Amino acid sequence: MTTKILEATEQNLLTAAELIKKGEVVGMPTETVYGLAANALDPSAVKKIFEAKGRPMDNPLIVHVSDTEMIRPLVKEIPPLAQELAKRFWPGPLTIIMPKSDLVPMETSGGLDTVGIRFPSHKAARELIRLSGVPIAAPSANLSGSPSPTTAQHVFDDMNGRIPLIIDGGACAVGVESSVLLLNGDSITVLRPGMISVEELLEITDNVKVDKGVLEMVSNAEKVMSPGMKYKHYSPKADVIILSGSTQSYRRYVSEHTADGVMCMPFEKSDVPDGVKCIPFGKSGEEQAHLLFDCLREFDKLGAKTVYARCPSRNGAGLAVYNRLLRAAGFKIIFL
Ligand code: AMP
Ligand code: MG
């Protein structure tokens with residue numbers, strides 16, 4: 001199979017929608033990261049997503065809709081807090097877990113009796129879902145374990161020969177996956193942090209918790225709220241090590257550990273001693289979210305063996321960046 005990349009024109013979105021209606025898998029741009037899109041209600045189409053990614057079958061898929069009307073048949077109920085969150089943050093980078101109806105196959109929900117629902121804001125994603133006429137299951141369009149794709153080229157690099165078509169909708173504005181929320185009455189548990197931050201959620205309710213799996217390593221044997229958290233994630237080939245400390249201590253550590261294949265991921269170029277190869281990933285959480293996965297993929301292209309990354313803040317969008325980087329680093333962090 002050869003994989004085509006087509007621009008997000010109406011005609012090409014129609015071609016993509018036809019493939020989805022036939023049970024195929026298509027690369028789809030969204031505002032968070034690129035997704036592998038298939039009919040969420042068709043178990044054999046959904047199986048093709050798992051095969052293309054090499055994703056473990058117990059890791060559930062998020063179901064994407066193009067308007068709130070599409071949600072009702074997919075769930076047993078839409079809790080009042082979900083309605084409030086939807087009003088405030090949809091369309092946008094937020095996924096809400098709800099009790100699933102029988103319409104959603106177990107293949108899509110990874111065997112769980114809940115389903116994660118998201119209404120994306122990216123125009124091409126919304127149009128593709130609308131034209132397909134079905135809710136769309138779409139995990140990140142990377143090979144399982146690799147950094148998520150934020151451009152059509154990233155998707156091609158991982159999926160060439162595995163899917164028929166990628167729709168190119170430009171670089172993703174957000175750059176990290178959606179915030180995933182579990183609701184219980186008026187309390188919110190953040191299972192995966194994203195661009196919708198804990199601080200913003202606190203404007204809706206005082207009752208916001210961050211799940212243990214967000215910042216800690218969870219073993220395969222542990223029962224976790226979000227199955228995706230237990231798998232190796234976002235990893236480039238290089239050994240990533242996070243260095244937590246001041247600019248001065250970062251610069252000193254790097255200068256004492258230079259060697260062939262050692263590269264740096266600083267906030268800005270001036271953090272790094274002269275002569276050490278680096279790809280800066282920005283100072284604000286938003287900028288870092290936008291650049292993180294592209295930087296991690298670039299280090300592979302440059303043949304990096306070790307990458308010393310500066311440690312992002314845990315505030316605002318920074319928590320999402322920190323969560324991804326911790327996993328990319330296999331939780332290797334040095335406090336300087
Ligand atoms: P991805 O498909 O790569 O964006 O990853 C989706 C993430 O959302 C994974 O970490 C899943 O474990 C999580 N997720 C999706 N659906 C559910 C659900 N029903 N319950 C808990 N976590 C979910
Ligand atoms: Mg993913």
# chains A, B, ... in the order shown; residues from 1 in each chain; ligands from 1

call {"tool": "residues_near_ligand", "arguments": {"ligand": "ligand 1", "cutoff": "6 Å", "atoms": "only C-alpha atoms and all ligand atoms", "output": "JSON, numbers by chain"}}
result
{"A": [59, 60, 61, 62, 97, 109, 114, 115, 116, 139, 140, 177, 225, 226, 227, 228, 229]}

call {"tool": "residues_around", "arguments": {"residues": "stretch 267-283 of chain A", "least_positions_apart": "5", "cutoff": "8 Å", "atoms": "only C-alpha atoms", "output": "ChimeraX atom specification"}}
result
/A:247-248,250-251,254-255,258,262,288,291-292,295,310

call {"tool": "closest_residue", "arguments": {"among": "A:Pro149, A:Gly111, A:Pro29, A:Pro99", "to": "ligand 2", "atoms": "only C-alpha atoms and all ligand atoms"}}
result
A:Pro149

call {"tool": "residues_near_ligand", "arguments": {"ligand": "ligand 2", "cutoff": "10 Å", "atoms": "only C-alpha atoms and all ligand atoms", "output": "PyMOL selection string"}}
result
chain A and resi 33-36+53+55+59+61+138-149+176-178+228-229+233-234

call {"tool": "write_last_selection", "arguments": {"atoms": "C-alpha atoms", "output": "compact mmCIF listing (two decimals), in the first residue's frame"}}
result
# COMPACT_ATOMS: atom_id res chain seq x y z
CA VAL A 33 -1.86 16.04 17.40
CA TYR A 34 -2.59 14.08 14.20
CA GLY A 35 -4.97 11.15 14.68
CA LEU A 36 -5.55 7.79 12.99
CA LYS A 53 -0.12 1.60 15.48
CA ARG A 55 -1.18 -0.53 20.06
CA ASN A 59 -5.68 0.87 25.54
CA LEU A 61 -9.57 5.02 21.85
CA ALA A 138 -8.75 8.55 16.58
CA PRO A 139 -5.69 7.84 18.70
CA SER A 140 -2.47 9.71 17.99
CA ALA A 141 -1.14 8.69 14.55
CA ASN A 142 2.30 7.48 15.72
CA LEU A 143 3.62 3.96 16.07
CA SER A 144 2.84 2.90 19.64
CA GLY A 145 5.63 4.15 21.91
CA SER A 146 6.98 6.87 19.56
CA PRO A 147 6.52 10.63 19.94
CA SER A 148 3.08 11.79 18.76
CA PRO A 149 2.91 13.36 15.28
CA VAL A 176 0.17 17.72 22.84
CA GLU A 177 -2.82 15.41 23.19
CA SER A 178 -6.10 16.42 24.84
CA GLY A 228 -2.53 4.37 28.31
CA MET A 229 -0.48 5.56 31.30
CA HIS A 233 5.38 6.46 25.54
CA TYR A 234 6.64 9.31 23.41

call {"tool": "atom_distance", "arguments": {"atom1": "atom CA of A:Phe299", "atom2": "atom CA of A:Ser235"}}
result
10.9 Å

call {"tool": "select_by_dssp", "arguments": {"residues": "stretch 99-334 of chain A", "states": "helix (DSSP H, G or I)", "output": "VMD selection string"}}
result
chain A and resid 106 to 109 123 to 132 152 to 159 198 to 201 212 to 214 227 to 230 247 to 256 269 to 271 285 to 302 318 to 328

call {"tool": "decode", "arguments": {"residues": "stretch 162-175 of chain A", "atoms": "all heavy atoms", "output": "PDB file, in the first residue's frame"}}
result
ATOM      1  N   ARG A 162       1.156   1.730   5.768  1.00  0.00           N
ATOM      2  CA  ARG A 162       0.194   1.118   6.715  1.00  0.00           C
ATOM      3  C   ARG A 162      -1.219   1.650   6.543  1.00  0.00           C
ATOM      4  O   ARG A 162      -2.179   1.016   6.990  1.00  0.00           O
ATOM      5  CB  ARG A 162       0.642   1.395   8.163  1.00  0.00           C
ATOM      6  CG  ARG A 162       1.919   0.686   8.532  1.00  0.00           C
ATOM      7  CD  ARG A 162       2.435   1.164   9.883  1.00  0.00           C
ATOM      8  NE  ARG A 162       3.618   0.426  10.231  1.00  0.00           N
ATOM      9  CZ  ARG A 162       3.666  -0.567  11.112  1.00  0.00           C
ATOM     10  NH1 ARG A 162       2.583  -0.929  11.763  1.00  0.00           N
ATOM     11  NH2 ARG A 162       4.784  -1.193  11.356  1.00  0.00           N
ATOM     12  N   ILE A 163      -1.350   2.886   6.002  1.00  0.00           N
ATOM     13  CA  ILE A 163      -2.680   3.482   5.792  1.00  0.00           C
ATOM     14  C   ILE A 163      -2.725   4.083   4.386  1.00  0.00           C
ATOM     15  O   ILE A 163      -1.679   4.443   3.839  1.00  0.00           O
ATOM     16  CB  ILE A 163      -3.006   4.571   6.866  1.00  0.00           C
ATOM     17  CG1 ILE A 163      -1.944   5.690   6.868  1.00  0.00           C
ATOM     18  CG2 ILE A 163      -3.114   3.950   8.252  1.00  0.00           C
ATOM     19  CD1 ILE A 163      -2.289   6.871   7.779  1.00  0.00           C
ATOM     20  N   PRO A 164      -3.931   4.208   3.782  1.00  0.00           N
ATOM     21  CA  PRO A 164      -3.969   4.687   2.395  1.00  0.00           C
ATOM     22  C   PRO A 164      -3.771   6.201   2.254  1.00  0.00           C
ATOM     23  O   PRO A 164      -3.276   6.664   1.236  1.00  0.00           O
ATOM     24  CB  PRO A 164      -5.370   4.276   1.923  1.00  0.00           C
ATOM     25  CG  PRO A 164      -6.179   4.100   3.160  1.00  0.00           C
ATOM     26  CD  PRO A 164      -5.241   3.703   4.249  1.00  0.00           C
ATOM     27  N   LEU A 165      -4.171   6.991   3.264  1.00  0.00           N
ATOM     28  CA  LEU A 165      -4.239   8.447   3.056  1.00  0.00           C
ATOM     29  C   LEU A 165      -3.992   9.230   4.352  1.00  0.00           C
ATOM     30  O   LEU A 165      -4.451   8.829   5.429  1.00  0.00           O
ATOM     31  CB  LEU A 165      -5.639   8.793   2.508  1.00  0.00           C
ATOM     32  CG  LEU A 165      -5.998  10.264   2.335  1.00  0.00           C
ATOM     33  CD1 LEU A 165      -5.094  10.938   1.304  1.00  0.00           C
ATOM     34  CD2 LEU A 165      -7.457  10.417   1.916  1.00  0.00           C
ATOM     35  N   ILE A 166      -3.269  10.352   4.194  1.00  0.00           N
ATOM     36  CA  ILE A 166      -3.111  11.316   5.295  1.00  0.00           C
ATOM     37  C   ILE A 166      -3.626  12.658   4.784  1.00  0.00           C
ATOM     38  O   ILE A 166      -3.245  13.099   3.701  1.00  0.00           O
ATOM     39  CB  ILE A 166      -1.622  11.474   5.700  1.00  0.00           C
ATOM     40  CG1 ILE A 166      -1.033  10.135   6.137  1.00  0.00           C
ATOM     41  CG2 ILE A 166      -1.473  12.530   6.798  1.00  0.00           C
ATOM     42  CD1 ILE A 166       0.503  10.100   6.125  1.00  0.00           C
ATOM     43  N   ILE A 167      -4.511  13.292   5.551  1.00  0.00           N
ATOM     44  CA  ILE A 167      -4.958  14.646   5.208  1.00  0.00           C
ATOM     45  C   ILE A 167      -4.018  15.639   5.889  1.00  0.00           C
ATOM     46  O   ILE A 167      -3.821  15.577   7.111  1.00  0.00           O
ATOM     47  CB  ILE A 167      -6.419  14.881   5.671  1.00  0.00           C
ATOM     48  CG1 ILE A 167      -7.398  13.992   4.876  1.00  0.00           C
ATOM     49  CG2 ILE A 167      -6.800  16.350   5.562  1.00  0.00           C
ATOM     50  CD1 ILE A 167      -7.540  14.350   3.401  1.00  0.00           C
ATOM     51  N   ASP A 168      -3.428  16.534   5.093  1.00  0.00           N
ATOM     52  CA  ASP A 168      -2.494  17.516   5.629  1.00  0.00           C
ATOM     53  C   ASP A 168      -3.235  18.787   6.013  1.00  0.00           C
ATOM     54  O   ASP A 168      -3.689  19.533   5.145  1.00  0.00           O
ATOM     55  CB  ASP A 168      -1.412  17.812   4.581  1.00  0.00           C
ATOM     56  CG  ASP A 168      -0.299  18.693   5.134  1.00  0.00           C
ATOM     57  OD1 ASP A 168      -0.463  19.240   6.247  1.00  0.00           O
ATOM     58  OD2 ASP A 168       0.739  18.832   4.457  1.00  0.00           O
ATOM     59  N   GLY A 169      -3.349  19.026   7.307  1.00  0.00           N
ATOM     60  CA  GLY A 169      -4.028  20.233   7.788  1.00  0.00           C
ATOM     61  C   GLY A 169      -3.045  21.187   8.443  1.00  0.00           C
ATOM     62  O   GLY A 169      -3.437  22.011   9.262  1.00  0.00           O
ATOM     63  N   GLY A 170      -1.757  21.072   8.102  1.00  0.00           N
ATOM     64  CA  GLY A 170      -0.739  21.965   8.680  1.00  0.00           C
ATOM     65  C   GLY A 170      -0.250  21.465  10.031  1.00  0.00           C
ATOM     66  O   GLY A 170      -0.690  20.413  10.507  1.00  0.00           O
ATOM     67  N   ALA A 171       0.673  22.218  10.630  1.00  0.00           N
ATOM     68  CA  ALA A 171       1.212  21.843  11.951  1.00  0.00           C
ATOM     69  C   ALA A 171       0.130  22.049  13.007  1.00  0.00           C
ATOM     70  O   ALA A 171      -0.634  23.020  12.947  1.00  0.00           O
ATOM     71  CB  ALA A 171       2.433  22.694  12.272  1.00  0.00           C
ATOM     72  N   CYS A 172       0.045  21.128  13.968  1.00  0.00           N
ATOM     73  CA  CYS A 172      -0.991  21.206  15.004  1.00  0.00           C
ATOM     74  C   CYS A 172      -0.733  22.412  15.918  1.00  0.00           C
ATOM     75  O   CYS A 172       0.396  22.594  16.393  1.00  0.00           O
ATOM     76  CB  CYS A 172      -0.992  19.932  15.845  1.00  0.00           C
ATOM     77  SG  CYS A 172      -1.306  18.458  14.877  1.00  0.00           S
ATOM     78  N   ALA A 173      -1.777  23.192  16.183  1.00  0.00           N
ATOM     79  CA  ALA A 173      -1.614  24.417  16.976  1.00  0.00           C
ATOM     80  C   ALA A 173      -1.201  24.099  18.409  1.00  0.00           C
ATOM     81  O   ALA A 173      -0.314  24.739  18.964  1.00  0.00           O
ATOM     82  CB  ALA A 173      -2.911  25.213  16.959  1.00  0.00           C
ATOM     83  N   VAL A 174      -1.821  23.085  19.016  1.00  0.00           N
ATOM     84  CA  VAL A 174      -1.549  22.783  20.429  1.00  0.00           C
ATOM     85  C   VAL A 174      -0.271  21.950  20.571  1.00  0.00           C
ATOM     86  O   VAL A 174       0.647  22.317  21.305  1.00  0.00           O
ATOM     87  CB  VAL A 174      -2.744  22.052  21.076  1.00  0.00           C
ATOM     88  CG1 VAL A 174      -2.391  21.558  22.478  1.00  0.00           C
ATOM     89  CG2 VAL A 174      -3.970  22.965  21.141  1.00  0.00           C
ATOM     90  N   GLY A 175      -0.209  20.812  19.911  1.00  0.00           N
ATOM     91  CA  GLY A 175       1.017  20.021  19.894  1.00  0.00           C
ATOM     92  C   GLY A 175       1.096  18.890  20.902  1.00  0.00           C
ATOM     93  O   GLY A 175       1.931  18.007  20.759  1.00  0.00           O
TER      94      GLY A 175
END
